[in-house]
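Asker: What follows is the file model_27.txt, containing compact mmCIF, C-alpha atoms and all ligand atoms:
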# COMPACT_ATOMS: atom_id res chain seq x y z
CA MET X 1 149.92 109.40 59.95
CA ARG X 2 153.41 109.97 58.63
CA ALA X 3 154.47 112.44 56.02
CA ASP X 4 154.90 109.75 53.34
CA ASP X 5 151.35 108.44 53.98
CA LEU X 6 149.90 111.64 52.58
CA SER X 7 148.47 111.32 49.11
CA GLU X 8 149.18 113.86 46.39
CA ASP X 9 145.52 114.74 46.59
CA VAL X 10 145.76 115.82 50.24
CA ILE X 11 148.98 117.72 49.72
CA GLU X 12 147.37 119.60 46.84
CA ILE X 13 144.48 120.62 49.10
CA ALA X 14 146.89 121.87 51.76
CA ARG X 15 148.86 123.84 49.18
CA LYS X 16 145.68 125.66 48.09
CA ILE X 17 144.66 126.44 51.68
CA VAL X 18 147.97 128.00 52.77
CA LYS X 19 147.94 130.16 49.64
CA GLU X 20 144.87 131.98 51.03
CA GLY X 21 146.84 133.45 53.95
CA PRO X 22 148.32 132.60 57.32
CA ILE X 23 146.62 129.63 58.96
CA CYS X 24 147.19 127.91 62.30
CA ASP X 25 148.15 124.25 62.64
CA ASN X 26 144.76 123.38 64.12
CA CYS X 27 142.75 124.85 61.26
CA LEU X 28 144.94 123.25 58.61
CA GLY X 29 145.03 119.85 60.33
CA ARG X 30 141.27 119.91 60.88
CA GLN X 31 140.68 119.80 57.12
CA ILE X 32 142.11 116.27 57.02
CA ALA X 33 140.90 115.13 60.43
CA LYS X 34 139.11 112.08 59.02
CA ILE X 35 142.17 110.72 57.22
CA SER X 36 143.93 109.43 60.30
CA SER X 37 143.13 108.91 63.90
CA GLY X 38 145.43 109.05 66.87
CA LEU X 39 146.71 112.56 66.19
CA SER X 40 145.43 115.95 67.20
CA ASN X 41 144.55 118.41 64.46
CA GLU X 42 147.45 120.55 65.61
CA GLU X 43 149.87 117.65 64.98
CA ARG X 44 148.29 116.95 61.59
CA GLY X 45 148.69 120.59 60.64
CA LYS X 46 152.36 120.63 61.68
CA ILE X 47 153.12 117.55 59.54
CA LEU X 48 151.31 119.03 56.55
CA LYS X 49 153.24 122.28 56.83
CA GLU X 50 156.58 120.40 57.00
CA VAL X 51 155.69 118.42 53.89
CA LEU X 52 154.76 121.62 52.08
CA ARG X 53 158.02 123.29 53.11
CA THR X 54 160.11 120.37 51.78
CA LYS X 55 158.26 120.89 48.51
CA GLY X 56 159.32 124.52 48.51
CA VAL X 57 155.94 126.02 49.37
CA LYS X 58 156.24 129.28 51.30
CA ILE X 59 154.06 129.38 54.41
CA GLU X 60 152.99 132.77 55.71
CA GLU X 61 153.17 133.52 59.44
CA GLY X 62 150.52 135.64 61.19
CA LYS X 63 146.97 135.66 62.47
CA CYS X 64 145.01 132.58 61.29
CA TRP X 65 142.49 133.66 58.63
CA VAL X 66 140.04 130.94 59.63
CA CYS X 67 139.81 131.03 63.42
CA ASN X 68 141.55 134.27 64.31
CA CYS X 69 143.89 132.24 66.55
CA LEU X 70 141.06 130.94 68.67
CA PHE X 71 143.03 127.81 69.50
CA GLU X 72 145.91 129.77 70.96
CA ASN X 73 143.42 131.16 73.46
CA LEU X 74 141.90 127.90 74.62
CA GLU X 75 143.06 128.52 78.18
CA ARG X 76 141.05 131.72 78.30
CA TRP X 77 137.88 129.77 77.50
CA VAL X 78 138.78 127.05 79.94
CA SER X 79 139.24 129.46 82.82
CA LYS X 80 135.99 131.27 81.96
CA ALA X 81 134.21 127.91 82.07
CA LEU X 82 135.84 126.86 85.34
CA GLU X 83 134.89 130.16 86.91
CA LYS X 84 131.22 129.56 86.04
CA LEU X 85 131.29 125.91 87.04
CA LYS X 86 132.72 126.72 90.46
CA GLU X 87 129.26 127.38 91.86
CA TYR X 88 127.84 124.04 90.78
CA GLU X 89 128.13 120.49 92.02
CA PHE X 90 128.37 118.07 89.09
CA ASP X 91 129.98 114.81 87.99
CA SER X 92 129.45 114.94 84.27
CA PHE X 93 129.47 117.72 81.72
CA LEU X 94 129.58 118.43 78.02
CA VAL X 95 130.95 121.37 76.06
CA GLY X 96 129.02 122.99 73.23
CA THR X 97 129.84 126.01 71.06
CA LYS X 98 127.75 128.75 69.51
CA VAL X 99 129.86 129.76 66.54
CA SER X 100 129.81 133.38 65.40
CA GLY X 101 128.73 134.31 61.90
CA MET X 102 132.23 135.41 61.00
CA LEU X 103 133.76 132.06 61.84
CA LEU X 104 130.97 130.21 60.06
CA GLU X 105 131.70 132.15 56.93
CA ASN X 106 135.43 131.51 57.19
CA GLU X 107 134.75 127.84 57.66
CA GLU X 108 132.56 127.71 54.57
CA GLN X 109 135.32 129.39 52.62
CA ILE X 110 137.93 126.89 53.67
CA TRP X 111 135.57 124.01 52.95
CA GLU X 112 135.14 125.30 49.44
CA ILE X 113 138.87 124.93 48.96
CA SER X 114 139.39 121.69 50.88
CA GLY X 115 136.26 120.00 49.54
CA ALA X 116 135.31 119.31 53.18
CA SER X 117 135.26 115.55 52.67
CA TYR X 118 137.96 114.90 55.29
CA ALA X 119 137.21 117.92 57.47
CA GLU X 120 135.93 118.19 61.00
CA PRO X 121 133.84 121.25 61.96
CA LEU X 122 135.61 123.92 63.98
CA LYS X 123 133.18 123.65 66.85
CA ALA X 124 133.71 119.92 67.19
CA GLU X 125 137.42 120.51 67.75
CA LEU X 126 136.83 123.41 70.10
CA ASN X 127 134.33 121.39 72.17
CA ARG X 128 136.70 118.48 72.43
CA GLU X 129 139.81 120.49 73.25
CA VAL X 130 138.13 122.63 75.90
CA GLY X 131 136.36 119.52 77.22
CA LYS X 132 139.65 117.62 77.61
CA ARG X 133 141.13 120.49 79.59
CA ILE X 134 138.11 120.77 81.87
CA GLU X 135 138.27 117.01 82.46
CA ARG X 136 141.94 117.29 83.42
CA ARG X 137 141.44 120.27 85.70
CA THR X 138 138.29 119.12 87.51
CA GLY X 139 138.53 115.33 87.39
CA LYS X 140 134.91 115.27 86.11
CA ARG X 141 133.99 113.33 83.01
CA ALA X 142 132.57 114.45 79.70
CA ASP X 143 129.23 112.73 79.05
CA PHE X 144 127.66 112.83 75.61
CA GLU X 145 124.41 111.15 76.60
CA MET X 146 123.18 112.80 79.77
CA PRO X 147 125.52 115.46 81.09
CA GLU X 148 124.54 117.16 84.30
CA VAL X 149 125.89 120.46 83.05
CA VAL X 150 126.38 121.75 79.51
CA VAL X 151 129.07 124.40 79.11
CA ILE X 152 128.30 126.62 76.14
CA LEU X 153 131.11 128.65 74.61
CA ASN X 154 129.37 131.58 73.00
CA LEU X 155 131.75 132.96 70.40
CA TRP X 156 129.35 135.82 69.59
CA THR X 157 129.31 137.26 73.08
CA GLU X 158 132.72 135.87 74.14
CA LYS X 159 130.97 134.51 77.22
CA VAL X 160 130.51 131.07 78.72
CA GLU X 161 126.92 130.07 79.46
CA LEU X 162 125.83 127.11 81.52
CA GLN X 163 122.82 124.92 80.97
CA VAL X 164 122.35 123.06 84.23
CA ASN X 165 120.14 120.02 83.85
CA PRO X 166 117.50 119.29 86.49
CA VAL X 167 117.64 116.77 89.31
CA PHE X 168 114.69 114.37 89.56
CA ILE X 169 113.57 112.75 92.79
CA TYR X 170 110.88 110.13 93.16
CA GLY X 171 108.91 109.65 96.35
CA ARG X 172 105.45 109.44 97.91
CA TYR X 173 103.63 112.14 99.79
CA ARG X 174 101.09 111.94 102.53
CA LYS X 175 98.76 114.85 103.14
CA PHE X 176 97.12 115.21 106.54
CA LYS X 177 95.31 118.47 106.01
CA LYS X 178 92.16 119.18 104.07
CA GLY X 179 91.86 122.14 101.77
CA LEU X 180 95.35 121.63 100.45
CA PRO X 181 95.60 121.27 96.67
CA GLN X 182 98.46 119.31 95.12
CA THR X 183 99.72 122.25 93.11
CA ARG X 184 99.09 125.96 93.09
CA TRP X 185 95.60 126.96 92.00
CA PHE X 186 95.31 130.32 90.34
CA CYS X 187 92.49 132.54 91.54
CA ARG X 188 89.49 132.15 89.19
CA GLU X 189 88.65 135.84 89.39
CA CYS X 190 91.99 137.34 88.46
CA MET X 191 93.81 134.34 86.91
CA GLY X 192 96.77 134.86 89.19
CA ARG X 193 97.26 138.59 88.85
CA GLY X 194 95.96 139.22 92.38
CA CYS X 195 92.62 140.75 93.35
CA GLU X 196 90.47 141.51 96.41
CA LYS X 197 88.88 138.09 96.33
CA CYS X 198 92.18 136.25 96.71
CA ASN X 199 93.63 138.81 99.07
CA PHE X 200 96.09 139.74 96.32
CA THR X 201 97.85 136.39 96.43
CA GLY X 202 96.60 135.33 92.98
CA LYS X 203 95.80 131.94 94.50
CA MET X 204 92.63 130.07 95.51
CA TYR X 205 94.41 128.42 98.42
CA ALA X 206 97.22 129.81 100.50
CA GLU X 207 99.37 126.67 100.23
CA SER X 208 99.74 123.52 98.17
CA VAL X 209 101.65 120.26 98.54
CA GLU X 210 103.99 121.46 95.79
CA GLU X 211 104.73 124.76 97.50
CA LEU X 212 105.34 123.12 100.87
CA VAL X 213 107.75 120.55 99.40
CA LYS X 214 109.44 123.28 97.41
CA GLY X 215 110.01 125.37 100.51
CA SER X 216 112.01 122.57 102.10
CA VAL X 217 113.72 121.15 99.03
CA LEU X 218 114.86 124.17 97.09
CA ALA X 219 116.99 125.50 99.91
CA GLU X 220 118.97 122.25 100.05
CA PHE X 221 119.60 122.00 96.32
CA LYS X 222 120.06 125.74 95.98
CA GLY X 223 117.92 125.44 92.90
CA GLY X 224 116.15 127.99 90.75
CA ASP X 225 112.70 126.41 90.83
CA MET X 226 110.88 123.16 91.52
CA VAL X 227 107.92 121.42 89.92
CA LEU X 228 105.97 118.53 91.42
CA HIS X 229 104.64 115.91 89.00
CA GLY X 230 102.01 113.83 90.77
CA CYS X 231 100.67 110.42 89.85
CA GLY X 232 97.11 111.70 89.68
CA ARG X 233 95.72 113.96 92.37
CA GLU X 234 93.25 113.70 95.22
CA ASP X 235 90.36 116.05 95.89
CA ILE X 236 91.35 119.18 97.72
CA ASP X 237 89.12 118.09 100.61
CA ALA X 238 90.56 114.58 100.72
CA ARG X 239 93.52 113.67 102.83
CA MET X 240 96.20 111.42 101.34
CA LEU X 241 97.11 108.81 103.93
CA GLY X 242 98.35 105.22 103.96
CA SER X 243 101.41 104.69 101.84
CA GLY X 244 101.01 108.02 100.09
CA ARG X 245 100.83 109.19 96.49
CA PRO X 246 103.78 108.73 94.08
CA PHE X 247 105.35 111.86 92.65
CA VAL X 248 108.53 113.11 91.02
CA VAL X 249 109.95 116.52 91.80
CA GLU X 250 112.02 118.27 89.18
CA ILE X 251 114.57 120.68 90.63
CA LYS X 252 115.69 123.20 88.07
CA GLU X 253 119.20 124.66 87.93
CA PRO X 254 120.41 123.00 91.12
CA ARG X 255 123.73 124.13 92.56
CA ARG X 256 123.81 121.02 94.74
CA ARG X 257 122.99 117.58 93.38
CA LYS X 258 124.00 115.26 96.17
CA VAL X 259 121.68 115.99 99.02
CA ASP X 260 121.14 113.28 101.64
CA LEU X 261 117.57 112.23 100.95
CA GLN X 262 117.00 110.66 104.34
CA MET X 263 117.81 114.01 105.90
CA LEU X 264 115.53 115.70 103.37
CA GLU X 265 112.58 113.49 104.35
CA GLU X 266 113.08 114.51 107.96
CA LYS X 267 113.40 118.15 107.06
CA VAL X 268 110.13 118.12 105.07
CA LYS X 269 108.41 116.44 108.00
CA GLU X 270 109.70 118.94 110.54
CA GLU X 271 108.98 122.00 108.47
CA ASN X 272 105.47 120.92 107.48
CA GLU X 273 104.27 119.24 110.63
CA GLY X 274 100.61 118.22 110.48
CA LYS X 275 100.38 119.10 106.80
CA ILE X 276 102.52 116.80 104.68
CA GLU X 277 105.24 114.16 104.78
CA VAL X 278 107.34 112.56 102.04
CA THR X 279 108.82 109.07 102.08
CA GLY X 280 110.90 106.73 99.93
CA LEU X 281 112.83 109.53 98.23
CA GLN X 282 115.27 108.39 95.57
CA TYR X 283 117.16 109.96 92.68
CA VAL X 284 115.70 108.98 89.31
CA LYS X 285 116.08 109.84 85.63
CA ARG X 286 113.89 112.24 83.68
CA GLU X 287 111.94 109.34 82.12
CA MET X 288 110.30 108.72 85.48
CA VAL X 289 108.17 111.86 85.05
CA ALA X 290 106.35 110.47 81.99
CA LYS X 291 106.16 107.09 83.64
CA ILE X 292 104.23 108.27 86.68
CA LYS X 293 102.15 110.74 84.66
CA ASN X 294 100.90 107.96 82.41
CA ALA X 295 100.79 105.27 85.05
CA LYS X 296 97.60 103.36 85.60
CA ALA X 297 97.04 103.08 89.31
CA ASP X 298 94.57 101.40 91.63
CA LYS X 299 93.37 103.47 94.55
CA THR X 300 92.16 102.65 98.01
CA TYR X 301 89.86 105.12 99.76
CA LYS X 302 88.42 105.44 103.21
CA VAL X 303 85.02 107.10 103.03
CA GLU X 304 82.66 108.33 105.70
CA VAL X 305 79.08 108.15 104.43
CA GLU X 306 75.86 109.55 105.76
CA LEU X 307 72.70 107.61 104.91
CA LYS X 308 69.47 109.55 104.52
CA THR X 309 67.12 106.90 106.00
CA LYS X 310 67.66 104.10 108.52
CA VAL X 311 69.31 101.04 107.03
CA LEU X 312 70.24 97.74 108.68
CA GLU X 313 73.87 96.67 108.85
CA THR X 314 73.20 93.41 106.93
CA HIS X 315 71.45 95.39 104.25
CA LEU X 316 74.46 97.70 104.00
CA LYS X 317 76.90 94.81 103.83
CA ASN X 318 74.89 93.16 101.05
CA ALA X 319 74.96 96.35 99.02
CA LEU X 320 78.75 96.64 99.42
CA ASN X 321 79.19 93.01 98.38
CA LYS X 322 77.30 93.72 95.19
CA LEU X 323 79.82 96.46 94.34
CA ILE X 324 82.81 94.09 94.59
CA GLY X 325 83.99 93.05 91.13
CA THR X 326 81.47 95.33 89.45
CA VAL X 327 82.32 97.63 86.57
CA ILE X 328 80.81 101.01 87.30
CA GLU X 329 79.53 103.12 84.43
CA GLN X 330 80.02 106.71 85.31
CA ARG X 331 79.05 109.78 83.35
CA THR X 332 81.11 112.87 84.08
CA PRO X 333 79.89 114.16 87.48
CA ILE X 334 77.75 117.28 87.53
CA ARG X 335 80.23 119.01 89.85
CA VAL X 336 83.12 118.79 87.35
CA MET X 337 81.05 119.21 84.15
CA HIS X 338 82.31 122.78 83.76
CA ARG X 339 85.89 121.61 83.21
CA ARG X 340 85.63 118.01 81.93
CA ALA X 341 84.10 116.57 78.77
CA ASP X 342 80.83 114.71 79.31
CA LEU X 343 81.53 111.05 78.66
CA VAL X 344 80.96 107.64 80.21
CA ARG X 345 83.89 106.10 82.09
CA LYS X 346 84.05 102.45 83.08
CA ARG X 347 85.95 101.67 86.27
CA LYS X 348 86.05 98.53 88.36
CA VAL X 349 85.57 98.21 92.11
CA TYR X 350 87.86 95.51 93.54
CA ASP X 351 86.85 95.70 97.13
CA ALA X 352 84.29 97.45 99.29
CA ARG X 353 84.04 96.67 102.97
CA LEU X 354 82.41 98.12 106.01
CA VAL X 355 84.90 99.41 108.60
CA SER X 356 82.42 100.75 111.14
CA PHE X 357 78.74 101.61 111.36
CA ASP X 358 76.82 103.90 113.69
CA PHE X 359 73.19 102.79 113.35
CA GLU X 360 71.80 105.68 115.43
CA GLU X 361 73.54 108.37 113.40
CA GLN X 362 73.35 106.40 110.13
CA ILE X 363 77.02 107.12 109.56
CA CYS X 364 79.25 104.40 108.17
CA VAL X 365 82.93 104.17 107.26
CA ILE X 366 83.76 102.16 104.15
CA GLU X 367 87.03 101.18 102.53
CA ILE X 368 86.96 100.93 98.74
CA LYS X 369 89.62 99.73 96.36
CA CYS X 370 89.07 100.52 92.67
CA ASN X 371 90.64 101.62 89.40
CA GLY X 372 92.07 105.12 89.46
CA GLY X 373 89.77 107.70 87.91
CA LEU X 374 86.55 106.48 89.56
CA TYR X 375 84.73 109.38 91.19
CA ILE X 376 84.04 108.12 94.72
CA LYS X 377 81.56 110.77 95.85
CA GLU X 378 79.36 109.81 92.89
CA LEU X 379 79.86 106.07 93.43
CA ILE X 380 78.19 106.67 96.79
CA SER X 381 75.51 109.20 95.84
CA GLY X 382 74.69 107.99 92.32
CA ASP X 383 74.89 111.58 91.03
CA GLU X 384 71.21 111.68 89.98
CA GLY X 385 71.52 108.41 88.09
CA ARG X 386 74.68 109.36 86.22
CA THR X 387 76.74 106.72 88.08
CA LYS X 388 75.46 103.14 87.85
CA PRO X 389 75.33 101.17 90.02
CA SER X 390 75.86 103.27 93.14
CA LEU X 391 75.62 102.59 96.85
CA SER X 392 72.59 104.86 97.05
CA GLU X 393 70.83 102.91 94.28
CA LEU X 394 71.64 99.51 95.82
CA LEU X 395 70.36 100.65 99.22
CA GLY X 396 67.34 102.48 97.89
CA THR X 397 68.16 105.55 99.96
CA GLY X 398 70.15 108.73 99.66
CA ALA X 399 73.85 108.45 100.60
CA GLU X 400 76.39 111.21 100.82
CA VAL X 401 80.17 111.34 101.38
CA LYS X 402 81.10 113.32 104.48
CA GLU X 403 84.83 112.58 104.58
CA LEU X 404 87.18 111.11 102.02
CA ASP X 405 90.75 109.98 102.48
CA VAL X 406 93.04 108.29 99.97
CA MET X 407 94.78 105.38 101.67
CA ASP X 408 96.88 103.95 98.88
CA VAL X 409 97.92 104.54 95.28
CA GLU X 410 99.22 101.36 93.76
CA LEU X 411 101.24 101.74 90.57
CA LYS X 412 100.58 98.99 88.01
ZN ZN P 501 143.05 128.73 63.04
ZN ZN P 502 92.37 136.91 92.58
Show me the file's structure as structure tokens.
Answerer:
Amino acid sequence: MRADDLSEDVIEIARKIVKEGPICDNCLGRQIAKISSGLSNEERGKILKEVLRTKGVKIEEGKCWVCNCLFENLERWVSKALEKLKEYEFDSFLVGTKVSGMLLENEEQIWEISGASYAEPLKAELNREVGKRIERRTGKRADFEMPEVVVILNLWTEKVELQVNPVFIYGRYRKFKKGLPQTRWFCRECMGRGCEKCNFTGKMYAESVEELVKGSVLAEFKGGDMVLHGCGREDIDARMLGSGRPFVVEIKEPRRRKVDLQMLEEKVKEENEGKIEVTGLQYVKREMVAKIKNAKADKTYKVEVELKTKVLETHLKNALNKLIGTVIEQRTPIRVMHRRADLVRKRKVYDARLVSFDFEEQICVIEIKCNGGLYIKELISGDEGRTKPSLSELLGTGAEVKELDVMDVELK
């Protein structure tokens, strides 16, 4: 943009604006920001003022009536931001502004005069100018899509606030201990407030997979909190073995973002020996949470079953063969009726094979692969006819699950 490119129209707008009172180059230039690219608003404002002076217009000096000389104090905002950012590890950031009511009103006033058709909002300029300076000083890049940290310039409070976006890590967990829920269970009596029944912990169980992982992970990321999103969950009494269950942990307000995940796997293992282990950790994007929450998965279980009357091994094998490829119709089990709607689910059994059989004790170990969401205890017992067919029905005798381990969760 050169002085002689300016139309009479634009010059007329500028003349009206400077008549209102002293105005800084940034605020004047911003009113015609969309006319030309390649210049800063400050440069645009300078050119406009020169043109006006050659036309004999008197330009008042003094405090800018629009921004109160905010742009002269950019460095103050930059150093406030850098001070806050010092504590955090990040590669990408974005600057945002909460404009005060005063400035909003001033801006509306100037838009009334300028017509606003070529103008850029004050906060857009402030974000960009402070952002450029932070980029220069830190070597980090501004990211408009997915910044790791958002720097908010709060013009009301004169303070810089940070919004630190979470880190997401995908992995699989194995659980070796029974009686360990995936996430914290609030005490049913007191709903978490703490009572005699829960020994004033507010919890049904002292620990959970989530709490154990959190204990090891949070210290490394120096985060505020952590949530574990599991791809389904196993029974509290079931162990999770084999390749483990997929999960994503969300670490909120992390001060560190580049933790060595191999080291983290070892740390979790050491600190939670005999309870849990995590494997295959990798950094992922937020979308992964929804992905594993909605994922359809096939499950493989190892089940120890007690038979109520003596059954021959061939008889048992025949019954298991009949389950393979069968779609099981399962009404909501009696034991979960109090918290689940009563409906009929259809789930397929892909494989059912005998691992070992103790004829004397009538105890057998079976491995079953099926669609996720099939209730295994009921597939064995029949749940008083609510699950059809069942092992119990096929054998013509009572059958009950004694032990249940999840061996694999296969994402589809
Ligand atoms: Zn100004
Ligand atoms: Zn309680």
Asker: Hey, which residues come within 9 Å of ligand ZN 501 (chain P) if we count only C-alpha atoms and all ligand atoms? Could you give them as number ranges by chain?
Answerer: X: 22-28, 63-72, 122
Asker: Work out how far apart atom CA of Gly223 of chain X and atom CA of Asn165 of chain X are and give it in Å to one decimal.
Answerer: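 That distance, rounded to one decimal, is 10.8 Å.
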Asker: For Leu212 of chain X, which residue out of X:Glu273, X:Glu161, X:Glu266, X:Glu50 is the nearest one, using all atoms listed in the file?
Answerer: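 Distance minimum relative to Leu212 of chain X lands on X:Glu273.
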Asker: Neighbouring residues of ligand ZN 502 (chain P) are defined here as those with any atom at most 8 Å from a ligand atom, counting all atoms listed in the file; list them as an MDAnalysis selection string.
Answerer: chainID X and resid 186:204
Asker: For the atom pair atom CA of Lys269 of chain X and atom CA of Gly224 of chain X, what is the interatomic distance in Å to one decimal place?
Answerer: 22.2 Å
Asker: Give me the residues of segment 29-97 of chain X that have any atom at most 12 Å from an atom of segment 143-159 of chain X; for each, the nearest atom pair and the distance in Å, rounded to one decimal. Use all atoms listed in the file, sort by chain and number, and format it as CSV.
Answerer:
residue,atom,partner,partner_atom,distance
X:Cys67,CA,X:Leu155,CA,10.8
X:Asn68,CA,X:Leu155,CA,11.6
X:Leu70,CA,X:Leu155,CA,9.7
X:Asn73,CA,X:Glu158,CA,11.7
X:Leu74,CA,X:Leu153,CA,10.8
X:Arg76,CA,X:Glu158,CA,10.2
X:Trp77,CA,X:Leu153,CA,7.4
X:Val78,CA,X:Leu153,CA,9.5
X:Ser79,CA,X:Lys159,CA,11.2
X:Lys80,CA,X:Lys159,CA,7.6
X:Ala81,CA,X:Val151,CA,6.9
X:Leu82,CA,X:Val151,CA,9.5
X:Glu83,CA,X:Val151,CA,11.3
X:Lys84,CA,X:Val151,CA,8.9
X:Leu85,CA,X:Val151,CA,8.4
X:Lys86,CA,X:Val149,CA,11.9
X:Glu87,CA,X:Val149,CA,11.7
X:Tyr88,CA,X:Val149,CA,8.7
X:Glu89,CA,X:Glu148,CA,9.1
X:Phe90,CA,X:Glu148,CA,6.2
X:Asp91,CA,X:Glu148,CA,7.0
X:Ser92,CA,X:Pro147,CA,5.1
X:Phe93,CA,X:Pro147,CA,4.6
X:Leu94,CA,X:Val150,CA,4.8
X:Val95,CA,X:Val151,CA,4.7
X:Gly96,CA,X:Ile152,CA,4.7
X:Thr97,CA,X:Leu153,CA,4.6
Asker: Contacts of Asp225 of chain X at 10 Å or less, counting only C-alpha atoms, minus same-chain residues fewer than 4 places along, as a ChimeraX atom specification?
Answerer: /X:166,214,217-218,221,250-254
Asker: From the list X:Met102, X:Val311, X:Leu320, X:Leu48, which residue is nearest Glu12 of chain X when using all atoms listed in the file?
Answerer: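 Nearest to Glu12 of chain X: X:Leu48.
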Asker: Can you work out the spacing between atom CA of Leu228 of chain X and atom CA of Val289 of chain X in Å, to one decimal?
Answerer: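 Atom CA of Leu228 of chain X sits 9.5 Å away from atom CA of Val289 of chain X.
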Asker: Would you list the residues near (74.6, 100.0, 90.6), meaning any protein, DNA or RNA residue with an atom at most 9 Å from that point in file coordinates, counting only C-alpha atoms, as a ChimeraX atom specification?
Answerer: /X:322-323,326,328-329,379,382,387-394
Asker: Would you kindly identify which residues have an atom no farther than 12 Å from (89.2, 109.7, 106.8), using all atoms listed in the file and the file's own coordinates, and write them out as a tab-separated table (two decimals) with C-alpha atoms, in the frame of the given file?
Answerer:
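Saved result, point-v7.tsv, follows:
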chain	number	residue	atom	x	y	z
X	175	LYS	CA	98.76	114.85	103.14
X	176	PHE	CA	97.12	115.21	106.54
X	177	LYS	CA	95.31	118.47	106.01
X	178	LYS	CA	92.16	119.18	104.07
X	237	ASP	CA	89.12	118.09	100.61
X	238	ALA	CA	90.56	114.58	100.72
X	239	ARG	CA	93.52	113.67	102.83
X	240	MET	CA	96.20	111.42	101.34
X	241	LEU	CA	97.11	108.81	103.93
X	242	GLY	CA	98.35	105.22	103.96
X	300	THR	CA	92.16	102.65	98.01
X	301	TYR	CA	89.86	105.12	99.76
X	302	LYS	CA	88.42	105.44	103.21
X	303	VAL	CA	85.02	107.10	103.03
X	304	GLU	CA	82.66	108.33	105.70
X	305	VAL	CA	79.08	108.15	104.43
X	355	VAL	CA	84.90	99.41	108.60
X	364	CYS	CA	79.25	104.40	108.17
X	365	VAL	CA	82.93	104.17	107.26
X	366	ILE	CA	83.76	102.16	104.15
X	367	GLU	CA	87.03	101.18	102.53
X	401	VAL	CA	80.17	111.34	101.38
X	402	LYS	CA	81.10	113.32	104.48
X	403	GLU	CA	84.83	112.58	104.58
X	404	LEU	CA	87.18	111.11	102.02
X	405	ASP	CA	90.75	109.98	102.48
X	406	VAL	CA	93.04	108.29	99.97
X	407	MET	CA	94.78	105.38	101.67
Asker: Just checking: using only C-alpha atoms, which residue out of X:Leu52, X:Val130, X:Ile368, X:Leu307 ends up closest to Gly398 of chain X?
Answerer: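 So, comparing all the options, the nearest one is X:Leu307.
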